[in-house]
$ cat entry-v2.cif   # mmCIF, N, CA and C atoms
data_structure
#
loop_
_atom_site.label_atom_id
_atom_site.label_comp_id
_atom_site.auth_asym_id
_atom_site.auth_seq_id
_atom_site.Cartn_x
_atom_site.Cartn_y
_atom_site.Cartn_z
N MET A 1 -13.13 3.01 -30.82
CA MET A 1 -13.72 3.98 -29.92
C MET A 1 -15.00 3.39 -29.32
N ILE A 2 -15.18 3.64 -28.07
CA ILE A 2 -16.34 3.12 -27.36
C ILE A 2 -17.50 4.12 -27.49
N THR A 3 -18.69 3.60 -27.57
CA THR A 3 -19.85 4.48 -27.72
C THR A 3 -20.45 4.83 -26.36
N LYS A 4 -21.27 5.87 -26.35
CA LYS A 4 -21.94 6.27 -25.11
C LYS A 4 -22.87 5.16 -24.62
N GLU A 5 -23.49 4.46 -25.56
CA GLU A 5 -24.40 3.38 -25.18
C GLU A 5 -23.63 2.24 -24.50
N GLU A 6 -22.44 1.93 -24.99
CA GLU A 6 -21.62 0.90 -24.34
C GLU A 6 -21.20 1.34 -22.94
N VAL A 7 -20.87 2.62 -22.80
CA VAL A 7 -20.50 3.14 -21.48
C VAL A 7 -21.70 3.09 -20.54
N ARG A 8 -22.89 3.43 -21.05
CA ARG A 8 -24.11 3.32 -20.21
C ARG A 8 -24.32 1.89 -19.74
N ASN A 9 -24.12 0.93 -20.63
CA ASN A 9 -24.29 -0.47 -20.29
C ASN A 9 -23.28 -0.91 -19.22
N ILE A 10 -22.02 -0.53 -19.41
CA ILE A 10 -20.98 -0.86 -18.41
C ILE A 10 -21.29 -0.18 -17.09
N ALA A 11 -21.73 1.07 -17.13
CA ALA A 11 -22.07 1.81 -15.91
C ALA A 11 -23.22 1.13 -15.17
N GLN A 12 -24.20 0.64 -15.90
CA GLN A 12 -25.32 -0.05 -15.27
C GLN A 12 -24.84 -1.32 -14.57
N ILE A 13 -23.98 -2.06 -15.22
CA ILE A 13 -23.44 -3.29 -14.62
C ILE A 13 -22.64 -2.96 -13.37
N ALA A 14 -21.87 -1.86 -13.42
CA ALA A 14 -21.02 -1.46 -12.29
C ALA A 14 -21.78 -0.63 -11.26
N LYS A 15 -23.08 -0.46 -11.47
CA LYS A 15 -23.91 0.33 -10.55
C LYS A 15 -23.43 1.77 -10.43
N LEU A 16 -23.02 2.36 -11.57
CA LEU A 16 -22.58 3.75 -11.62
C LEU A 16 -23.64 4.58 -12.32
N LYS A 17 -23.75 5.84 -11.92
CA LYS A 17 -24.71 6.74 -12.55
C LYS A 17 -23.96 7.98 -13.03
N PHE A 18 -24.21 8.36 -14.28
CA PHE A 18 -23.59 9.52 -14.88
C PHE A 18 -24.68 10.45 -15.42
N ASN A 19 -24.48 11.76 -15.26
CA ASN A 19 -25.34 12.68 -15.98
C ASN A 19 -24.75 12.82 -17.39
N ASP A 20 -25.39 13.60 -18.26
CA ASP A 20 -24.96 13.67 -19.66
C ASP A 20 -23.54 14.21 -19.81
N ASP A 21 -23.19 15.23 -19.02
CA ASP A 21 -21.83 15.79 -19.10
C ASP A 21 -20.80 14.79 -18.64
N GLU A 22 -21.10 14.10 -17.55
CA GLU A 22 -20.17 13.09 -17.03
C GLU A 22 -20.03 11.93 -18.01
N LEU A 23 -21.13 11.56 -18.63
CA LEU A 23 -21.11 10.46 -19.60
C LEU A 23 -20.21 10.81 -20.78
N GLU A 24 -20.31 12.03 -21.26
CA GLU A 24 -19.46 12.48 -22.37
C GLU A 24 -17.98 12.43 -21.98
N SER A 25 -17.67 12.97 -20.82
CA SER A 25 -16.28 13.00 -20.35
C SER A 25 -15.75 11.59 -20.10
N PHE A 26 -16.55 10.76 -19.46
CA PHE A 26 -16.11 9.40 -19.15
C PHE A 26 -15.92 8.60 -20.43
N THR A 27 -16.78 8.80 -21.42
CA THR A 27 -16.65 8.09 -22.69
C THR A 27 -15.32 8.43 -23.36
N GLU A 28 -14.96 9.72 -23.36
CA GLU A 28 -13.69 10.13 -23.95
C GLU A 28 -12.51 9.51 -23.21
N LYS A 29 -12.55 9.58 -21.88
CA LYS A 29 -11.44 9.05 -21.08
C LYS A 29 -11.34 7.53 -21.21
N PHE A 30 -12.49 6.86 -21.22
CA PHE A 30 -12.51 5.41 -21.35
C PHE A 30 -11.95 5.00 -22.71
N SER A 31 -12.26 5.77 -23.74
CA SER A 31 -11.71 5.48 -25.08
C SER A 31 -10.20 5.61 -25.09
N LEU A 32 -9.67 6.61 -24.40
CA LEU A 32 -8.21 6.76 -24.31
C LEU A 32 -7.58 5.57 -23.62
N VAL A 33 -8.20 5.10 -22.55
CA VAL A 33 -7.68 3.94 -21.83
C VAL A 33 -7.70 2.70 -22.74
N LEU A 34 -8.80 2.50 -23.44
CA LEU A 34 -8.89 1.34 -24.33
C LEU A 34 -7.87 1.43 -25.47
N ASP A 35 -7.66 2.63 -26.00
CA ASP A 35 -6.64 2.81 -27.04
C ASP A 35 -5.26 2.45 -26.51
N PHE A 36 -4.98 2.84 -25.27
CA PHE A 36 -3.69 2.52 -24.67
C PHE A 36 -3.54 1.01 -24.48
N VAL A 37 -4.62 0.35 -24.05
CA VAL A 37 -4.58 -1.11 -23.89
C VAL A 37 -4.33 -1.79 -25.23
N HIS A 38 -4.99 -1.31 -26.28
CA HIS A 38 -4.75 -1.88 -27.62
C HIS A 38 -3.30 -1.66 -28.05
N HIS A 39 -2.75 -0.51 -27.72
CA HIS A 39 -1.35 -0.22 -28.03
C HIS A 39 -0.42 -1.19 -27.29
N ILE A 40 -0.69 -1.41 -26.00
CA ILE A 40 0.12 -2.34 -25.21
C ILE A 40 0.02 -3.76 -25.77
N ASN A 41 -1.18 -4.16 -26.19
CA ASN A 41 -1.36 -5.50 -26.76
C ASN A 41 -0.59 -5.70 -28.05
N SER A 42 -0.28 -4.61 -28.75
CA SER A 42 0.43 -4.73 -30.03
C SER A 42 1.95 -4.84 -29.86
N VAL A 43 2.45 -4.68 -28.64
CA VAL A 43 3.89 -4.74 -28.38
C VAL A 43 4.37 -6.19 -28.50
N ASP A 44 5.49 -6.39 -29.19
CA ASP A 44 6.06 -7.73 -29.35
C ASP A 44 6.75 -8.13 -28.05
N THR A 45 6.24 -9.17 -27.41
CA THR A 45 6.81 -9.64 -26.15
C THR A 45 7.45 -11.03 -26.30
N GLU A 46 7.74 -11.39 -27.53
CA GLU A 46 8.36 -12.68 -27.79
C GLU A 46 9.71 -12.75 -27.09
N GLY A 47 9.93 -13.79 -26.30
CA GLY A 47 11.19 -13.98 -25.61
C GLY A 47 11.30 -13.23 -24.28
N VAL A 48 10.27 -12.51 -23.89
CA VAL A 48 10.29 -11.78 -22.62
C VAL A 48 9.69 -12.68 -21.55
N GLU A 49 10.44 -12.87 -20.47
CA GLU A 49 9.95 -13.71 -19.38
C GLU A 49 8.79 -13.01 -18.67
N PRO A 50 7.78 -13.77 -18.27
CA PRO A 50 6.65 -13.18 -17.54
C PRO A 50 7.11 -12.59 -16.21
N CYS A 51 6.49 -11.50 -15.82
CA CYS A 51 6.78 -10.85 -14.55
C CYS A 51 5.52 -10.91 -13.70
N TYR A 52 5.64 -11.52 -12.54
CA TYR A 52 4.47 -11.68 -11.69
C TYR A 52 4.43 -10.65 -10.58
N GLY A 53 5.40 -9.80 -10.51
CA GLY A 53 5.44 -8.76 -9.51
C GLY A 53 6.64 -7.86 -9.75
N ILE A 54 6.62 -6.67 -9.18
CA ILE A 54 7.71 -5.74 -9.41
C ILE A 54 8.58 -5.55 -8.18
N SER A 55 8.29 -6.28 -7.14
CA SER A 55 9.02 -6.13 -5.89
C SER A 55 10.03 -7.27 -5.72
N ASP A 56 11.14 -6.97 -5.06
CA ASP A 56 12.12 -8.00 -4.78
C ASP A 56 11.77 -8.81 -3.55
N GLU A 57 10.70 -8.44 -2.86
CA GLU A 57 10.29 -9.16 -1.66
C GLU A 57 9.88 -10.58 -2.05
N ASN A 58 10.15 -11.52 -1.19
CA ASN A 58 9.86 -12.91 -1.51
C ASN A 58 8.43 -13.32 -1.19
N GLY A 59 7.64 -12.44 -0.58
CA GLY A 59 6.24 -12.73 -0.35
C GLY A 59 5.93 -13.46 0.92
N PHE A 60 6.92 -13.69 1.75
CA PHE A 60 6.63 -14.36 3.01
C PHE A 60 5.93 -13.41 3.96
N PHE A 61 5.09 -13.97 4.81
CA PHE A 61 4.37 -13.16 5.77
C PHE A 61 5.30 -12.67 6.87
N LYS A 62 4.99 -11.48 7.36
CA LYS A 62 5.75 -10.95 8.49
C LYS A 62 5.34 -11.69 9.76
N GLU A 63 6.25 -11.73 10.68
CA GLU A 63 5.94 -12.30 11.98
C GLU A 63 5.29 -11.22 12.85
N TYR A 64 4.17 -11.54 13.44
CA TYR A 64 3.48 -10.60 14.31
C TYR A 64 3.31 -11.22 15.69
N ASP A 65 3.42 -10.38 16.67
CA ASP A 65 3.10 -10.83 18.03
C ASP A 65 1.60 -10.85 18.18
N ILE A 66 1.13 -11.69 19.08
CA ILE A 66 -0.32 -11.78 19.32
C ILE A 66 -0.86 -10.44 19.82
N ASP A 67 -0.02 -9.60 20.44
CA ASP A 67 -0.46 -8.30 20.93
C ASP A 67 -0.76 -7.33 19.79
N GLN A 68 -0.32 -7.63 18.59
CA GLN A 68 -0.52 -6.73 17.46
C GLN A 68 -1.81 -7.02 16.70
N THR A 69 -2.58 -7.96 17.12
CA THR A 69 -3.82 -8.30 16.42
C THR A 69 -5.02 -7.79 17.19
N LEU A 70 -6.15 -7.72 16.52
CA LEU A 70 -7.40 -7.30 17.12
C LEU A 70 -8.33 -8.50 17.23
N ASN A 71 -9.14 -8.50 18.29
CA ASN A 71 -10.12 -9.57 18.38
C ASN A 71 -11.34 -9.21 17.52
N ARG A 72 -12.23 -10.13 17.35
CA ARG A 72 -13.38 -9.96 16.47
C ARG A 72 -14.23 -8.75 16.87
N GLU A 73 -14.47 -8.58 18.15
CA GLU A 73 -15.30 -7.46 18.62
C GLU A 73 -14.65 -6.12 18.29
N GLU A 74 -13.34 -6.01 18.45
CA GLU A 74 -12.64 -4.77 18.14
C GLU A 74 -12.71 -4.45 16.64
N VAL A 75 -12.60 -5.49 15.84
CA VAL A 75 -12.63 -5.31 14.39
C VAL A 75 -14.01 -4.85 13.93
N LEU A 76 -15.05 -5.42 14.51
CA LEU A 76 -16.41 -5.15 14.04
C LEU A 76 -17.07 -3.95 14.71
N LYS A 77 -16.43 -3.33 15.68
CA LYS A 77 -17.11 -2.28 16.44
C LYS A 77 -17.42 -1.03 15.61
N ASN A 78 -16.69 -0.76 14.54
CA ASN A 78 -16.93 0.43 13.74
C ASN A 78 -17.69 0.16 12.44
N THR A 79 -18.12 -1.06 12.23
CA THR A 79 -18.86 -1.36 11.01
C THR A 79 -20.33 -1.00 11.20
N THR A 80 -20.98 -0.66 10.11
CA THR A 80 -22.40 -0.34 10.20
C THR A 80 -23.25 -1.61 10.28
N GLU A 81 -22.79 -2.67 9.65
CA GLU A 81 -23.53 -3.93 9.70
C GLU A 81 -22.58 -5.12 9.79
N SER A 82 -22.96 -6.06 10.61
CA SER A 82 -22.23 -7.33 10.67
C SER A 82 -23.26 -8.44 10.80
N GLU A 83 -22.85 -9.63 10.41
CA GLU A 83 -23.75 -10.78 10.47
C GLU A 83 -22.91 -12.02 10.69
N TYR A 84 -23.32 -12.83 11.66
CA TYR A 84 -22.62 -14.07 11.99
C TYR A 84 -21.15 -13.84 12.35
N GLY A 85 -20.85 -12.67 12.90
CA GLY A 85 -19.49 -12.37 13.31
C GLY A 85 -18.57 -11.91 12.18
N TYR A 86 -19.14 -11.52 11.03
CA TYR A 86 -18.36 -11.07 9.89
C TYR A 86 -18.93 -9.73 9.40
N PHE A 87 -18.16 -9.02 8.57
CA PHE A 87 -18.67 -7.82 7.93
C PHE A 87 -19.79 -8.20 6.99
N LYS A 88 -20.85 -7.43 7.01
CA LYS A 88 -21.93 -7.64 6.04
C LYS A 88 -21.75 -6.60 4.95
N ILE A 89 -21.67 -7.07 3.71
CA ILE A 89 -21.44 -6.17 2.57
C ILE A 89 -22.57 -6.31 1.58
N LEU A 90 -22.65 -5.36 0.67
CA LEU A 90 -23.66 -5.42 -0.37
C LEU A 90 -23.38 -6.56 -1.35
N LYS A 91 -24.42 -7.18 -1.80
CA LYS A 91 -24.28 -8.20 -2.82
C LYS A 91 -23.90 -7.54 -4.13
N VAL A 92 -22.82 -7.98 -4.76
CA VAL A 92 -22.36 -7.36 -6.01
C VAL A 92 -22.55 -8.23 -7.22
N VAL A 93 -23.04 -9.44 -7.03
CA VAL A 93 -23.28 -10.35 -8.15
C VAL A 93 -24.77 -10.64 -8.21
N GLU A 94 -25.32 -10.49 -9.38
CA GLU A 94 -26.75 -10.75 -9.53
C GLU A 94 -26.98 -12.18 -9.94
#

$ encode --input "entry-v2.cif" --output "structure tokens"
Amino acid sequence: MITKEEVRNIAQIAKLKFNDDELESFTEKFSLVLDFVHHINSVDTEGVEPCYGISDENGFFKEYDIDQTLNREEVLKNTTESEYGYFKILKVVE
């Protein structure tokens, strides 16, 4: 079972904020998820071939006409911030 302090630490890393009620609820739900992961890890998979996807698609890219694409200006016109012709996003790694 995960503790509230561990959840606070994970929340801080993930830049999440919880009040006390939310922290209690999230701790319970997170514990259930971790219990399920431990259960899955205990399953014997000896002799089972790895599965890298669940789709029968072969992964090739679709063919698109040039008319179906957007130019850089069209793509960036609805963003709040752009820099050097790209989307500007928040830094997520410290």

$ residues_around --input "entry-v2.cif" --residues "Leu34 in chain A" --least-positions-apart "6" --cutoff "8 Å" --atoms "only N, CA and C atoms" --output "list in words"
Met1, Ile2, Glu28 and Ile40 of chain A

$ atom_distance --input "entry-v2.cif" --atom1 "CA of Val37 in chain A" --atom2 "CA of Cys51 in chain A"
17.6 Å

$ residues_around --input "entry-v2.cif" --residues "Leu23 in chain A" --least-positions-apart "4" --cutoff "8 Å" --atoms "only N, CA and C atoms" --output "short mmCIF file (atom, residue, chain, number, x, y, z; two decimals) with N, CA and C atoms, keeping the file's coordinate frame"
data_model
loop_
_atom_site.label_atom_id
_atom_site.label_comp_id
_atom_site.auth_asym_id
_atom_site.auth_seq_id
_atom_site.Cartn_x
_atom_site.Cartn_y
_atom_site.Cartn_z
N LYS A 4 -21.27 5.87 -26.35
CA LYS A 4 -21.94 6.27 -25.11
C LYS A 4 -22.87 5.16 -24.62
N VAL A 7 -20.87 2.62 -22.80
CA VAL A 7 -20.50 3.14 -21.48
C VAL A 7 -21.70 3.09 -20.54
N ARG A 8 -22.89 3.43 -21.05
CA ARG A 8 -24.11 3.32 -20.21
C ARG A 8 -24.32 1.89 -19.74
N LYS A 17 -23.75 5.84 -11.92
CA LYS A 17 -24.71 6.74 -12.55
C LYS A 17 -23.96 7.98 -13.03
N PHE A 18 -24.21 8.36 -14.28
CA PHE A 18 -23.59 9.52 -14.88
C PHE A 18 -24.68 10.45 -15.42
N ASN A 19 -24.48 11.76 -15.26
CA ASN A 19 -25.34 12.68 -15.98
C ASN A 19 -24.75 12.82 -17.39
N THR A 27 -16.78 8.80 -21.42
CA THR A 27 -16.65 8.09 -22.69
C THR A 27 -15.32 8.43 -23.36
N GLU A 28 -14.96 9.72 -23.36
CA GLU A 28 -13.69 10.13 -23.95
C GLU A 28 -12.51 9.51 -23.21
N LYS A 29 -12.55 9.58 -21.88
CA LYS A 29 -11.44 9.05 -21.08
C LYS A 29 -11.34 7.53 -21.21
#

$ select_by_dssp --input "entry-v2.cif" --residues "chain A" --states "strand (DSSP E)" --output "number ranges by chain"
A: 82-83, 86-87

$ atom_distance --input "entry-v2.cif" --atom1 "atom C of Asn71 in chain A" --atom2 "CA of Tyr86 in chain A"
10.5 Å

$ atom_distance --input "entry-v2.cif" --atom1 "atom C of Val92 in chain A" --atom2 "CA of Asn9 in chain A"
15.3 Å

$ decode --input "entry-v2.cif" --residues "range 18-66 of chain A" --atoms "N, CA and C atoms" --output "PDB file, in the first residue's frame"
ATOM      1  N   PHE A  18      -3.167  18.518  -4.590  1.00  0.00           N
ATOM      2  CA  PHE A  18      -4.337  17.874  -4.031  1.00  0.00           C
ATOM      3  C   PHE A  18      -4.678  18.520  -2.691  1.00  0.00           C
ATOM      4  N   ASN A  19      -5.972  18.701  -2.430  1.00  0.00           N
ATOM      5  CA  ASN A  19      -6.360  19.065  -1.071  1.00  0.00           C
ATOM      6  C   ASN A  19      -6.427  17.762  -0.267  1.00  0.00           C
ATOM      7  N   ASP A  20      -6.733  17.844   1.022  1.00  0.00           N
ATOM      8  CA  ASP A  20      -6.683  16.653   1.876  1.00  0.00           C
ATOM      9  C   ASP A  20      -7.669  15.570   1.440  1.00  0.00           C
ATOM     10  N   ASP A  21      -8.881  15.978   1.038  1.00  0.00           N
ATOM     11  CA  ASP A  21      -9.873  14.992   0.582  1.00  0.00           C
ATOM     12  C   ASP A  21      -9.428  14.315  -0.700  1.00  0.00           C
ATOM     13  N   GLU A  22      -8.899  15.102  -1.626  1.00  0.00           N
ATOM     14  CA  GLU A  22      -8.424  14.540  -2.892  1.00  0.00           C
ATOM     15  C   GLU A  22      -7.231  13.624  -2.657  1.00  0.00           C
ATOM     16  N   LEU A  23      -6.364  14.012  -1.744  1.00  0.00           N
ATOM     17  CA  LEU A  23      -5.189  13.197  -1.432  1.00  0.00           C
ATOM     18  C   LEU A  23      -5.606  11.835  -0.888  1.00  0.00           C
ATOM     19  N   GLU A  24      -6.590  11.824  -0.013  1.00  0.00           N
ATOM     20  CA  GLU A  24      -7.098  10.562   0.549  1.00  0.00           C
ATOM     21  C   GLU A  24      -7.664   9.670  -0.558  1.00  0.00           C
ATOM     22  N   SER A  25      -8.500  10.251  -1.402  1.00  0.00           N
ATOM     23  CA  SER A  25      -9.127   9.497  -2.490  1.00  0.00           C
ATOM     24  C   SER A  25      -8.086   8.999  -3.491  1.00  0.00           C
ATOM     25  N   PHE A  26      -7.161   9.869  -3.858  1.00  0.00           N
ATOM     26  CA  PHE A  26      -6.141   9.486  -4.836  1.00  0.00           C
ATOM     27  C   PHE A  26      -5.235   8.398  -4.273  1.00  0.00           C
ATOM     28  N   THR A  27      -4.913   8.477  -2.993  1.00  0.00           N
ATOM     29  CA  THR A  27      -4.067   7.461  -2.369  1.00  0.00           C
ATOM     30  C   THR A  27      -4.731   6.087  -2.436  1.00  0.00           C
ATOM     31  N   GLU A  28      -6.038   6.038  -2.148  1.00  0.00           N
ATOM     32  CA  GLU A  28      -6.765   4.773  -2.228  1.00  0.00           C
ATOM     33  C   GLU A  28      -6.782   4.229  -3.652  1.00  0.00           C
ATOM     34  N   LYS A  29      -7.089   5.102  -4.613  1.00  0.00           N
ATOM     35  CA  LYS A  29      -7.161   4.662  -6.013  1.00  0.00           C
ATOM     36  C   LYS A  29      -5.785   4.246  -6.535  1.00  0.00           C
ATOM     37  N   PHE A  30      -4.760   4.990  -6.161  1.00  0.00           N
ATOM     38  CA  PHE A  30      -3.405   4.673  -6.596  1.00  0.00           C
ATOM     39  C   PHE A  30      -2.970   3.327  -6.023  1.00  0.00           C
ATOM     40  N   SER A  31      -3.359   3.054  -4.790  1.00  0.00           N
ATOM     41  CA  SER A  31      -3.043   1.755  -4.176  1.00  0.00           C
ATOM     42  C   SER A  31      -3.708   0.620  -4.932  1.00  0.00           C
ATOM     43  N   LEU A  32      -4.948   0.819  -5.355  1.00  0.00           N
ATOM     44  CA  LEU A  32      -5.637  -0.211  -6.147  1.00  0.00           C
ATOM     45  C   LEU A  32      -4.916  -0.472  -7.460  1.00  0.00           C
ATOM     46  N   VAL A  33      -4.471   0.592  -8.112  1.00  0.00           N
ATOM     47  CA  VAL A  33      -3.742   0.439  -9.375  1.00  0.00           C
ATOM     48  C   VAL A  33      -2.438  -0.330  -9.139  1.00  0.00           C
ATOM     49  N   LEU A  34      -1.710   0.038  -8.101  1.00  0.00           N
ATOM     50  CA  LEU A  34      -0.452  -0.652  -7.806  1.00  0.00           C
ATOM     51  C   LEU A  34      -0.686  -2.120  -7.454  1.00  0.00           C
ATOM     52  N   ASP A  35      -1.755  -2.403  -6.712  1.00  0.00           N
ATOM     53  CA  ASP A  35      -2.090  -3.800  -6.402  1.00  0.00           C
ATOM     54  C   ASP A  35      -2.370  -4.580  -7.682  1.00  0.00           C
ATOM     55  N   PHE A  36      -3.070  -3.957  -8.620  1.00  0.00           N
ATOM     56  CA  PHE A  36      -3.365  -4.616  -9.891  1.00  0.00           C
ATOM     57  C   PHE A  36      -2.082  -4.872 -10.679  1.00  0.00           C
ATOM     58  N   VAL A  37      -1.167  -3.904 -10.677  1.00  0.00           N
ATOM     59  CA  VAL A  37       0.117  -4.083 -11.368  1.00  0.00           C
ATOM     60  C   VAL A  37       0.900  -5.234 -10.738  1.00  0.00           C
ATOM     61  N   HIS A  38       0.911  -5.304  -9.414  1.00  0.00           N
ATOM     62  CA  HIS A  38       1.601  -6.419  -8.743  1.00  0.00           C
ATOM     63  C   HIS A  38       0.950  -7.755  -9.113  1.00  0.00           C
ATOM     64  N   HIS A  39      -0.363  -7.765  -9.216  1.00  0.00           N
ATOM     65  CA  HIS A  39      -1.074  -8.980  -9.623  1.00  0.00           C
ATOM     66  C   HIS A  39      -0.677  -9.387 -11.042  1.00  0.00           C
ATOM     67  N   ILE A  40      -0.624  -8.418 -11.957  1.00  0.00           N
ATOM     68  CA  ILE A  40      -0.233  -8.705 -13.347  1.00  0.00           C
ATOM     69  C   ILE A  40       1.202  -9.225 -13.393  1.00  0.00           C
ATOM     70  N   ASN A  41       2.089  -8.644 -12.586  1.00  0.00           N
ATOM     71  CA  ASN A  41       3.485  -9.094 -12.563  1.00  0.00           C
ATOM     72  C   ASN A  41       3.633 -10.519 -12.070  1.00  0.00           C
ATOM     73  N   SER A  42       2.664 -11.006 -11.305  1.00  0.00           N
ATOM     74  CA  SER A  42       2.762 -12.365 -10.762  1.00  0.00           C
ATOM     75  C   SER A  42       2.272 -13.434 -11.743  1.00  0.00           C
ATOM     76  N   VAL A  43       1.701 -13.024 -12.873  1.00  0.00           N
ATOM     77  CA  VAL A  43       1.183 -13.975 -13.856  1.00  0.00           C
ATOM     78  C   VAL A  43       2.350 -14.662 -14.570  1.00  0.00           C
ATOM     79  N   ASP A  44       2.252 -15.986 -14.719  1.00  0.00           N
ATOM     80  CA  ASP A  44       3.294 -16.753 -15.406  1.00  0.00           C
ATOM     81  C   ASP A  44       3.155 -16.536 -16.916  1.00  0.00           C
ATOM     82  N   THR A  45       4.162 -15.927 -17.518  1.00  0.00           N
ATOM     83  CA  THR A  45       4.142 -15.656 -18.956  1.00  0.00           C
ATOM     84  C   THR A  45       5.200 -16.484 -19.698  1.00  0.00           C
ATOM     85  N   GLU A  46       5.657 -17.528 -19.056  1.00  0.00           N
ATOM     86  CA  GLU A  46       6.659 -18.389 -19.683  1.00  0.00           C
ATOM     87  C   GLU A  46       6.089 -18.993 -20.960  1.00  0.00           C
ATOM     88  N   GLY A  47       6.799 -18.851 -22.058  1.00  0.00           N
ATOM     89  CA  GLY A  47       6.379 -19.409 -23.333  1.00  0.00           C
ATOM     90  C   GLY A  47       5.404 -18.539 -24.115  1.00  0.00           C
ATOM     91  N   VAL A  48       5.049 -17.381 -23.590  1.00  0.00           N
ATOM     92  CA  VAL A  48       4.133 -16.479 -24.289  1.00  0.00           C
ATOM     93  C   VAL A  48       4.960 -15.507 -25.115  1.00  0.00           C
ATOM     94  N   GLU A  49       4.651 -15.443 -26.404  1.00  0.00           N
ATOM     95  CA  GLU A  49       5.383 -14.530 -27.283  1.00  0.00           C
ATOM     96  C   GLU A  49       5.034 -13.085 -26.941  1.00  0.00           C
ATOM     97  N   PRO A  50       6.023 -12.192 -26.983  1.00  0.00           N
ATOM     98  CA  PRO A  50       5.752 -10.778 -26.711  1.00  0.00           C
ATOM     99  C   PRO A  50       4.790 -10.194 -27.745  1.00  0.00           C
ATOM    100  N   CYS A  51       3.956  -9.288 -27.301  1.00  0.00           N
ATOM    101  CA  CYS A  51       3.007  -8.607 -28.172  1.00  0.00           C
ATOM    102  C   CYS A  51       3.359  -7.125 -28.166  1.00  0.00           C
ATOM    103  N   TYR A  52       3.655  -6.597 -29.329  1.00  0.00           N
ATOM    104  CA  TYR A  52       4.059  -5.200 -29.414  1.00  0.00           C
ATOM    105  C   TYR A  52       2.920  -4.302 -29.848  1.00  0.00           C
ATOM    106  N   GLY A  53       1.781  -4.847 -30.093  1.00  0.00           N
ATOM    107  CA  GLY A  53       0.620  -4.071 -30.486  1.00  0.00           C
ATOM    108  C   GLY A  53      -0.588  -4.982 -30.602  1.00  0.00           C
ATOM    109  N   ILE A  54      -1.769  -4.399 -30.578  1.00  0.00           N
ATOM    110  CA  ILE A  54      -2.974  -5.219 -30.638  1.00  0.00           C
ATOM    111  C   ILE A  54      -3.702  -5.077 -31.965  1.00  0.00           C
ATOM    112  N   SER A  55      -3.136  -4.333 -32.873  1.00  0.00           N
ATOM    113  CA  SER A  55      -3.782  -4.081 -34.151  1.00  0.00           C
ATOM    114  C   SER A  55      -3.148  -4.945 -35.240  1.00  0.00           C
ATOM    115  N   ASP A  56      -3.956  -5.326 -36.220  1.00  0.00           N
ATOM    116  CA  ASP A  56      -3.426  -6.082 -37.346  1.00  0.00           C
ATOM    117  C   ASP A  56      -2.797  -5.179 -38.400  1.00  0.00           C
ATOM    118  N   GLU A  57      -2.880  -3.877 -38.209  1.00  0.00           N
ATOM    119  CA  GLU A  57      -2.305  -2.940 -39.170  1.00  0.00           C
ATOM    120  C   GLU A  57      -0.789  -3.112 -39.188  1.00  0.00           C
ATOM    121  N   ASN A  58      -0.198  -2.949 -40.335  1.00  0.00           N
ATOM    122  CA  ASN A  58       1.232  -3.173 -40.459  1.00  0.00           C
ATOM    123  C   ASN A  58       2.072  -1.953 -40.095  1.00  0.00           C
ATOM    124  N   GLY A  59       1.439  -0.814 -39.805  1.00  0.00           N
ATOM    125  CA  GLY A  59       2.172   0.343 -39.330  1.00  0.00           C
ATOM    126  C   GLY A  59       2.706   1.251 -40.408  1.00  0.00           C
ATOM    127  N   PHE A  60       2.390   0.971 -41.652  1.00  0.00           N
ATOM    128  CA  PHE A  60       2.869   1.859 -42.700  1.00  0.00           C
ATOM    129  C   PHE A  60       2.073   3.151 -42.687  1.00  0.00           C
ATOM    130  N   PHE A  61       2.725   4.223 -43.089  1.00  0.00           N
ATOM    131  CA  PHE A  61       2.067   5.510 -43.129  1.00  0.00           C
ATOM    132  C   PHE A  61       1.068   5.577 -44.273  1.00  0.00           C
ATOM    133  N   LYS A  62       0.004   6.323 -44.033  1.00  0.00           N
ATOM    134  CA  LYS A  62      -0.973   6.542 -45.095  1.00  0.00           C
ATOM    135  C   LYS A  62      -0.396   7.520 -46.115  1.00  0.00           C
ATOM    136  N   GLU A  63      -0.875   7.395 -47.314  1.00  0.00           N
ATOM    137  CA  GLU A  63      -0.492   8.342 -48.347  1.00  0.00           C
ATOM    138  C   GLU A  63      -1.403   9.566 -48.257  1.00  0.00           C
ATOM    139  N   TYR A  64      -0.820  10.736 -48.223  1.00  0.00           N
ATOM    140  CA  TYR A  64      -1.592  11.963 -48.161  1.00  0.00           C
ATOM    141  C   TYR A  64      -1.228  12.848 -49.349  1.00  0.00           C
ATOM    142  N   ASP A  65      -2.216  13.528 -49.834  1.00  0.00           N
ATOM    143  CA  ASP A  65      -1.959  14.534 -50.862  1.00  0.00           C
ATOM    144  C   ASP A  65      -1.414  15.767 -50.177  1.00  0.00           C
ATOM    145  N   ILE A  66      -0.651  16.545 -50.921  1.00  0.00           N
ATOM    146  CA  ILE A  66      -0.093  17.781 -50.369  1.00  0.00           C
ATOM    147  C   ILE A  66      -1.203  18.739 -49.952  1.00  0.00           C
TER     148      ILE A  66
END
